[in-house]
Amino acid sequence: MRRSQLFIKTRKDVPSDEVALNAQLLIRGGFVHKEMAGVYDFLPLGLAVLNKIIEIIRQEMNAIGGQEVYLSGLQPKDNWEKSGRWHDDVVDVWFKTRTHGAKGFHLGPELGLGNTHEEAITAIARGHISSYKDLPTYVYQFQTKYRNEPRAKSGLLRCREFIMKDLYSFSGSQAQHDKFYEEVKVAYGKIFKRLGLSDSTYLTYASGGSFSKFSHEFQTLLPVGEDTVFVDKKKKMAVNKDVITDDVLTDLGLKKADLKEAKAVEVGNIFPLGTRFSKPLGLNFVDRAGQNKSVVMGSYGIGPGRVMGVIAERFADKSGLVWPEAVAPFMVYLVSIGDDSSIRKAAQDIYSQLTAAGVSVLYDDRDERAGEKFADADLLGLPYRVVVSEKLIKNNQVELKARTSQTPKEVKHDQLVETLVGTLVKTL
RNA sequence: CGGGGAUUAGCGCAGCCUGGUAGCGCGCCGCGUUCGGGACGCGGAGGUCGUGGGUUCAAAUCCCGCAUCCCCGACCA
């Protein structure tokens, strides 16, 4: 992609009332546009990052047998009345509306914009699950959730409209469910590792509601986080402040003295549902012995947009964003310095060569000064910066610098592709 | 939902106290000089001053209501 063609412009200033670092940098870099509090538009670079995150999650969901679906945002109220989650005093984040009535513009049936999809998927599953032979089975989706949060805040970390990956598992017994539940735990671990977050992300014990002792959250330690967790760094475990008691610690084999309090952002959670939804909605199956039973369910969420905000916030330095290679919108920011035709040609060659080698490049071909291009390279946070200039061309060299490094190194022009591809293969 | 702050050009802000033709910086357009860490000169384009009412000869400015945004807290199925 040529920078001169790119839809967005970067900015030097951000709205002064925007305090969250992820929002400041993502807006300055033109990754997102804020539509209103807690509602963001994803622009080309931002969408590229979001899609990379989604693709990583998708691969790991497929790897454990998840089948992708896409459920509607508009939800009829009947399923939710059956589960008891329609009324506003039970779930207070609903956005609700109505259709037009059949005979014109009087009001028709009530609808809600889905804030989660347990009810919907359970109702659908009734038509497809009827025997132990159909179990276990797993479906997931990337879908937009709407939650009328009393207070959206912290940029992408708490939104009213956001994409969520939600996986639902259907099992024939608690044992069958538990087995998959553990597999999801492992899969989530892989996802956060690939996203570069594993060092700071902890499997965290949290409230399980009325159907099980615990649920599990994946909490990334960040000062901006809304959750408070107690972390045992050695055991790589944490406990949410909401559930911490002496009994819980004993159960988990944790000692108070080993725990450290920290702020964290919930980037994922996995939740045993038991028969909380299958019972009221009538999702049953016939077991081997011919007995009618309720399906045992679980739900498993990750918010890709929130994850993007967390990555932005966590790795940024004073010059701007720092994207891990796995989610960067482009791998290389190519800068040409000077307007001389030999420089332009050299830069164009490198652009073609890298692109041909499968390395994505954002080529800053604008007629701007070096300082401005460097500042943009830093702000946008692509993993590598390649510079072509008159001085370098004379020696048949180009300059290569990792975003995380202070010192550029000179590389022979004809070895750049090899060097870069080699570096990338190592890290991917 | 309680408390505090804010709303003036695409973005960042001044002007308001003390009413009198709306200004600065960034960005944008044109010309020229520059060219390895956000250059400079000259000339331009761009604004229902969040919104509804009121006071006044006259309102960005004074008064009343409302909306929206940010922060702190409560909430977070």
# chains A, B, ... in the order shown; residues from 1 in each chain; ligands from 1
>>> residues_around(residues="G52 of chain B", least_positions_apart="3", cutoff="12 Å", atoms="only C-alpha atoms (C1' of nucleotides)", output="PyMOL selection string")
chain B and resi 64-67
>>> write_last_selection(atoms="all heavy atoms", output="short mmCIF file (atom, residue, chain, number, x, y, z; two decimals), in the first residue's frame")
data_model
loop_
_atom_site.label_atom_id
_atom_site.label_comp_id
_atom_site.auth_asym_id
_atom_site.auth_seq_id
_atom_site.Cartn_x
_atom_site.Cartn_y
_atom_site.Cartn_z
P C B 64 -29.08 30.97 34.97
OP1 C B 64 -29.08 30.66 36.42
OP2 C B 64 -27.92 30.60 34.13
"O5'" C B 64 -30.38 30.34 34.31
"C5'" C B 64 -31.65 30.46 34.93
"C4'" C B 64 -32.72 29.81 34.08
"O4'" C B 64 -32.80 30.50 32.80
"C3'" C B 64 -32.45 28.36 33.67
"O3'" C B 64 -32.74 27.43 34.69
"C2'" C B 64 -33.35 28.22 32.45
"O2'" C B 64 -34.71 28.07 32.83
"C1'" C B 64 -33.17 29.59 31.79
N1 C B 64 -32.10 29.55 30.76
C2 C B 64 -32.43 29.06 29.50
O2 C B 64 -33.58 28.66 29.28
N3 C B 64 -31.47 29.01 28.54
C4 C B 64 -30.23 29.44 28.81
N4 C B 64 -29.32 29.37 27.84
C5 C B 64 -29.88 29.94 30.10
C6 C B 64 -30.84 29.98 31.04
P G B 65 -31.98 26.00 34.68
OP1 G B 65 -32.43 25.31 35.92
OP2 G B 65 -30.54 26.23 34.44
"O5'" G B 65 -32.57 25.23 33.42
"C5'" G B 65 -33.87 24.67 33.47
"C4'" G B 65 -34.31 24.21 32.10
"O4'" G B 65 -34.02 25.23 31.12
"C3'" G B 65 -33.61 22.99 31.52
"O3'" G B 65 -34.05 21.77 32.10
"C2'" G B 65 -34.00 23.11 30.05
"O2'" G B 65 -35.34 22.71 29.86
"C1'" G B 65 -33.88 24.62 29.84
N9 G B 65 -32.57 24.97 29.27
C8 G B 65 -31.52 25.62 29.86
N7 G B 65 -30.49 25.76 29.07
C5 G B 65 -30.89 25.16 27.88
C6 G B 65 -30.22 25.00 26.65
O6 G B 65 -29.07 25.37 26.34
N1 G B 65 -30.99 24.33 25.71
C2 G B 65 -32.27 23.87 25.93
N2 G B 65 -32.85 23.25 24.91
N3 G B 65 -32.92 24.02 27.07
C4 G B 65 -32.18 24.67 27.99
P C B 66 -32.97 20.60 32.31
OP1 C B 66 -33.64 19.56 33.11
OP2 C B 66 -31.71 21.20 32.79
"O5'" C B 66 -32.72 20.05 30.83
"C5'" C B 66 -33.78 19.45 30.09
"C4'" C B 66 -33.39 19.33 28.65
"O4'" C B 66 -32.98 20.62 28.13
"C3'" C B 66 -32.18 18.44 28.36
"O3'" C B 66 -32.49 17.06 28.38
"C2'" C B 66 -31.79 18.92 26.97
"O2'" C B 66 -32.66 18.42 25.98
"C1'" C B 66 -32.01 20.43 27.10
N1 C B 66 -30.77 21.14 27.47
C2 C B 66 -29.80 21.33 26.47
O2 C B 66 -30.03 20.90 25.33
N3 C B 66 -28.66 21.97 26.77
C4 C B 66 -28.45 22.41 28.01
N4 C B 66 -27.30 23.04 28.26
C5 C B 66 -29.41 22.23 29.05
C6 C B 66 -30.55 21.59 28.74
P A B 67 -31.36 16.00 28.69
OP1 A B 67 -32.03 14.70 28.83
OP2 A B 67 -30.51 16.50 29.80
"O5'" A B 67 -30.47 15.99 27.37
"C5'" A B 67 -31.03 15.55 26.13
"C4'" A B 67 -30.05 15.78 25.02
"O4'" A B 67 -29.73 17.18 24.96
"C3'" A B 67 -28.70 15.11 25.20
"O3'" A B 67 -28.73 13.75 24.81
"C2'" A B 67 -27.81 15.95 24.30
"O2'" A B 67 -28.01 15.63 22.94
"C1'" A B 67 -28.38 17.35 24.55
N9 A B 67 -27.65 18.07 25.62
C8 A B 67 -28.05 18.27 26.91
N7 A B 67 -27.19 18.98 27.62
C5 A B 67 -26.17 19.24 26.73
C6 A B 67 -24.96 19.95 26.87
N6 A B 67 -24.57 20.54 27.99
N1 A B 67 -24.16 20.04 25.78
C2 A B 67 -24.55 19.45 24.65
N3 A B 67 -25.66 18.76 24.40
C4 A B 67 -26.44 18.69 25.49
#
>>> interface_residues(of="chain A", to="chain B", cutoff="9 Å", atoms="only C-alpha atoms (C1' of nucleotides)", output="PyMOL selection string")
chain A and resi 11-19+36-37+85+90-93+115+149-151+153+337-339+368-376+389
>>> select_by_dssp(residues="segment 227-331 of chain A", states="strand (DSSP E)", output="PyMOL selection string")
chain A and resi 227-232+237-240+260-274+284-286+292-294+296-302
>>> atom_distance(atom1="atom CA of Pro44 of chain A", atom2="atom CA of Ala20 of chain A")
21.4 Å
>>> residues_around(residues="Ala264 of chain A", least_positions_apart="3", cutoff="12 Å", atoms="only C-alpha atoms (C1' of nucleotides)", output="ChimeraX atom specification")
/A:157,200-204,217-231,238-241,261,267-268,310,314
>>> atom_distance(atom1="atom CA of Gly112 of chain A", atom2="atom CA of Arg160 of chain A")
13.9 Å
>>> atom_distance(atom1="atom CA of Val332 of chain A", atom2="atom CA of Ile27 of chain A")
20.6 Å
>>> closest_residue(among="B:C72, B:C57, B:C49, B:C62", to="U7 of chain B", atoms="only C-alpha atoms (C1' of nucleotides)")
B:C49
>>> select_by_dssp(residues="segment 157-294 of chain A", states="helix (DSSP H, G or I)", output="VMD selection string")
chain A and resid 157 174 to 194 198 to 200 241 to 243 246 to 252 256 to 258 278 to 281
>>> residues_around(residues="G23 of chain B", least_positions_apart="5", cutoff="12 Å", atoms="only C-alpha atoms (C1' of nucleotides)", output="VMD selection string")
chain B and resid 8 to 9 13 to 15 47 49 60
>>> residues_around(residues="Ser405 of chain A", least_positions_apart="3", cutoff="10 Å", atoms="only C-alpha atoms (C1' of nucleotides)", output="PDB file with N, CA and C atoms, in the first residue's frame")
ATOM      1  N   PRO A 383       6.148  -3.094  12.642  1.00  0.00           N
ATOM      2  CA  PRO A 383       7.306  -3.732  13.270  1.00  0.00           C
ATOM      3  C   PRO A 383       8.664  -3.317  12.710  1.00  0.00           C
ATOM      4  N   TYR A 384       8.739  -3.043  11.396  1.00  0.00           N
ATOM      5  CA  TYR A 384      10.037  -2.692  10.815  1.00  0.00           C
ATOM      6  C   TYR A 384       9.951  -1.432   9.977  1.00  0.00           C
ATOM      7  N   LYS A 401      15.309  -0.952  10.600  1.00  0.00           N
ATOM      8  CA  LYS A 401      15.201  -0.742  12.050  1.00  0.00           C
ATOM      9  C   LYS A 401      13.914  -1.377  12.554  1.00  0.00           C
ATOM     10  N   ALA A 402      14.036  -2.111  13.647  1.00  0.00           N
ATOM     11  CA  ALA A 402      12.835  -2.639  14.287  1.00  0.00           C
ATOM     12  C   ALA A 402      12.201  -1.514  15.086  1.00  0.00           C
ATOM     13  N   PRO A 408      19.226   1.711  14.088  1.00  0.00           N
ATOM     14  CA  PRO A 408      19.054   1.117  12.769  1.00  0.00           C
ATOM     15  C   PRO A 408      20.333   0.396  12.345  1.00  0.00           C
TER      16      PRO A 408
END
>>> residues_around(residues="A58 of chain B", least_positions_apart="4", cutoff="12 Å", atoms="only C-alpha atoms (C1' of nucleotides)", output="JSON, numbers by chain")
{"B": [19, 20, 21]}
>>> residues_around(residues="Gly301 of chain A", least_positions_apart="2", cutoff="7 Å", atoms="only C-alpha atoms (C1' of nucleotides)", output="ChimeraX atom specification")
/A:164-167,268-270,299,303
>>> closest_residue(among="A:Ser131, A:Thr99, A:Ser169, A:Asn62", to="Leu74 of chain A", atoms="only C-alpha atoms")
A:Thr99
